[in-house]
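Reproduced below: start.txt, with compact mmCIF, C-alpha atoms.
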```
# COMPACT_ATOMS: atom_id res chain seq x y z
CA MET E 1454 62.29 -108.54 127.58
CA SER E 1455 59.07 -110.07 126.40
CA PHE E 1456 56.63 -108.41 124.05
CA LEU E 1457 53.74 -106.61 125.76
CA LEU E 1458 50.29 -106.04 124.32
CA ASP E 1459 47.14 -104.50 125.77
CA ARG E 1460 43.99 -106.56 126.20
CA CYS E 1461 44.81 -109.76 124.35
CA ARG E 1462 42.95 -112.73 125.81
CA GLN E 1463 41.44 -115.90 124.42
CA GLY E 1464 40.14 -119.27 125.54
CA LEU E 1465 41.84 -122.50 124.42
CA LYS E 1466 39.84 -124.68 122.04
CA ASP E 1467 41.47 -127.97 123.07
CA SER E 1468 43.00 -129.34 126.24
CA VAL E 1469 46.80 -129.69 126.44
CA GLY E 1470 49.17 -131.47 128.81
CA SER E 1471 51.39 -129.80 131.35
CA SER E 1472 54.23 -129.43 128.87
CA GLY E 1473 52.39 -129.11 125.58
CA ASN E 1474 52.22 -126.12 123.31
CA MET E 1475 49.11 -123.96 123.47
CA ILE E 1476 47.32 -123.93 120.13
CA LEU E 1477 45.28 -120.80 119.57
CA ALA E 1478 43.12 -121.71 116.60
CA GLY E 1479 40.10 -120.36 114.89
CA ALA E 1480 39.64 -116.97 113.37
CA TYR E 1481 36.18 -115.46 113.45
CA GLY E 1482 34.86 -117.80 116.10
CA ALA E 1483 35.72 -121.01 114.22
CA GLY E 1484 37.28 -122.65 117.27
CA ALA E 1485 38.81 -119.85 119.28
CA ILE E 1486 36.82 -119.00 122.36
CA PRO E 1487 36.35 -115.22 122.28
CA ILE E 1488 36.20 -113.09 125.39
CA ASP E 1489 34.18 -109.92 124.94
CA GLY E 1490 36.23 -106.73 125.05
CA TYR E 1491 39.58 -108.42 124.29
CA TYR E 1492 41.62 -109.11 121.19
CA LYS E 1493 41.91 -112.72 120.10
CA PHE E 1494 45.46 -113.64 119.15
CA TYR E 1495 44.73 -113.71 115.41
CA GLN E 1496 43.56 -110.08 115.64
CA THR E 1497 47.02 -108.98 116.80
CA SER E 1498 48.78 -110.08 113.62
CA THR E 1499 49.91 -106.52 112.91
CA LEU E 1500 51.10 -106.07 116.51
CA ILE E 1501 52.89 -109.31 117.42
CA GLY E 1502 55.59 -110.63 115.14
CA ALA E 1503 55.52 -114.27 114.12
CA ASN E 1504 58.58 -115.07 116.24
CA ASP E 1505 58.18 -112.73 119.23
CA THR E 1506 58.67 -113.83 122.81
CA ILE E 1507 55.65 -113.07 124.96
CA ARG E 1508 54.92 -113.42 128.64
CA TYR E 1509 51.68 -115.28 129.15
CA LEU E 1510 49.23 -116.07 131.90
CA VAL E 1511 46.97 -119.06 131.52
CA GLU E 1512 44.14 -119.56 133.99
CA ASP E 1513 42.21 -122.79 134.33
CA GLY E 1514 39.72 -122.67 137.18
CA ASP E 1515 41.66 -122.01 140.41
CA ASN E 1516 44.96 -123.04 138.78
CA PHE E 1517 47.27 -120.75 136.83
CA GLU E 1518 50.61 -120.70 135.06
CA ILE E 1519 52.84 -117.75 134.18
CA GLY E 1520 55.73 -118.09 131.77
CA THR E 1521 57.39 -116.96 128.60
CA GLY E 1522 56.40 -118.31 125.25
CA PHE E 1523 57.72 -118.26 121.74
CA TYR E 1524 54.83 -117.07 119.60
CA GLN E 1525 54.53 -118.76 116.21
CA ARG E 1526 51.85 -117.93 113.68
CA TYR E 1527 51.26 -120.75 111.19
CA SER E 1528 48.36 -119.24 109.32
CA TYR E 1529 45.95 -116.37 109.65
CA ALA E 1530 43.77 -118.53 111.90
CA THR E 1531 46.26 -120.62 113.86
CA SER E 1532 48.97 -119.58 116.31
CA ILE E 1533 51.02 -121.62 118.75
CA ILE E 1534 52.71 -120.57 121.96
CA ASN E 1535 55.66 -122.78 122.94
CA ARG E 1536 55.40 -122.69 126.72
CA THR E 1537 58.21 -122.20 129.22
CA PRO E 1538 56.51 -122.08 132.65
CA GLU E 1539 58.11 -119.95 135.36
CA GLN E 1540 55.54 -120.14 138.13
CA SER E 1541 52.26 -121.88 138.68
CA LEU E 1542 49.61 -122.74 141.21
CA LEU E 1543 48.11 -126.22 141.01
CA ASN E 1544 45.46 -127.27 143.50
CA GLY E 1545 46.66 -124.64 145.97
CA THR E 1546 50.36 -125.58 145.72
CA ALA E 1547 52.90 -123.12 144.31
CA ALA E 1548 55.30 -124.56 141.73
CA THR E 1549 57.42 -123.72 138.71
CA SER E 1550 56.05 -126.41 136.42
CA GLY E 1551 53.37 -126.25 133.77
CA ILE E 1552 49.80 -127.20 134.51
CA ALA E 1553 47.56 -129.45 132.45
CA LEU E 1554 45.06 -127.23 130.66
CA ASN E 1555 41.45 -127.95 129.87
CA ALA E 1556 39.60 -126.64 126.84
CA GLY E 1557 38.37 -123.18 127.74
CA ALA E 1558 41.44 -122.23 129.81
CA ILE E 1559 42.06 -118.50 129.38
CA VAL E 1560 45.36 -117.33 127.83
CA SER E 1561 46.46 -113.69 128.20
CA ILE E 1562 49.55 -111.65 127.38
CA ILE E 1563 50.71 -109.96 130.57
CA PRO E 1564 53.65 -108.07 132.03
CA ALA E 1565 55.46 -109.62 134.99
CA ARG E 1566 57.90 -108.19 137.49
CA GLN E 1567 60.82 -109.36 135.33
CA ASP E 1568 59.66 -106.95 132.63
CA PHE E 1569 60.14 -103.94 134.91
CA SER E 1570 63.78 -103.66 135.83
CA PHE E 1571 65.53 -100.37 136.55
CA GLN E 1572 67.17 -100.52 133.12
CA THR E 1573 63.82 -101.08 131.43
CA ALA E 1574 62.29 -98.12 133.27
CA MET E 1575 65.19 -95.84 132.29
CA ALA E 1576 65.01 -96.95 128.66
CA PHE E 1577 61.27 -96.27 128.65
CA LEU E 1578 61.68 -92.83 130.22
CA TYR E 1579 64.78 -91.66 128.36
CA GLY E 1580 64.95 -93.84 125.25
CA GLY E 1581 67.55 -96.37 124.35
CA PRO E 1582 67.79 -100.12 123.94
```

Now, as a test, write the supplied structure out as structure tokens.
Amino acid sequence: MSFLLDRCRQGLKDSVGSSGNMILAGAYGAGAIPIDGYYKFYQTSTLIGANDTIRYLVEDGDNFEIGTGFYQRYSYATSIINRTPEQSLLNGTAATSGIALNAGAIVSIIPARQDFSFQTAMAFLYGGP
């Protein structure tokens, strides 16, 4: 199961290809594009471990990509998400590949249906692994 976190969202500083890692750089506005009312990824350093798997959503205009990512924190101000796309929409066409991302694309940590299995619900309700 991927790591879940409430209200973590940030814009990408630089564009990245359809298979490139997302670099989330810039503490205190020095490159990260903040979104009012949301955590930036550097602000979650006490919540997300340096090697946690997260489920992400990245939106770029009318296109989007959902996948799992290996979250790596290289410094206080720079984090990288190694992308593994699972579904996407590119120019109105559904796919399972990554999309090319422009600077300013919005990255969020989200839950997806895979995170809510019967076993997960029972573990949440009654405890357990």

What's around range 1487-1491 of chain E at 8 Å? Count all atoms listed in the file, leave out sequence neighbours fewer than 3 positions away in its own chain, and write the answer as a PyMOL selection string.
chain E and resi 1460-1464+1482

Take the selection from the previous step and output its residues with C-alpha atoms, as an mmCIF file, in the coordinates of the input.
```
data_model
loop_
_atom_site.group_PDB
_atom_site.id
_atom_site.type_symbol
_atom_site.label_atom_id
_atom_site.label_comp_id
_atom_site.auth_asym_id
_atom_site.auth_seq_id
_atom_site.Cartn_x
_atom_site.Cartn_y
_atom_site.Cartn_z
ATOM 1 C CA ARG E 1460 43.990 -106.560 126.200
ATOM 2 C CA CYS E 1461 44.810 -109.760 124.350
ATOM 3 C CA ARG E 1462 42.950 -112.730 125.810
ATOM 4 C CA GLN E 1463 41.440 -115.900 124.420
ATOM 5 C CA GLY E 1464 40.140 -119.270 125.540
ATOM 6 C CA GLY E 1482 34.860 -117.800 116.100
#
```

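Distance check against Tyr1524 in chain E using all atoms listed in the file: of E:Ile1563, E:Ser1550, E:Gln1540, E:Ile1476, the minimum falls on E:Ile1476.
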
Near range 1507-1511 of chain E, within 6 Å and counting all atoms listed in the file, which residues show up once chain neighbours fewer than 4 positions away are dropped, as a PyMOL selection string?
chain E and resi 1455-1456+1517-1522+1559-1563

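The two atoms in question, CA of Ile1534 in chain E and CA of Ala1547 in chain E, are spaced 22.5 Å apart.
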
Give me, please, the distance in Å between CA of Gln1567 in chain E and CA of Thr1537 in chain E, quoted to one decimal.
14.5 Å

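When CA of Leu1477 in chain E is paired with CA of Asn1544 in chain E, their separation reads 24.8 Å.
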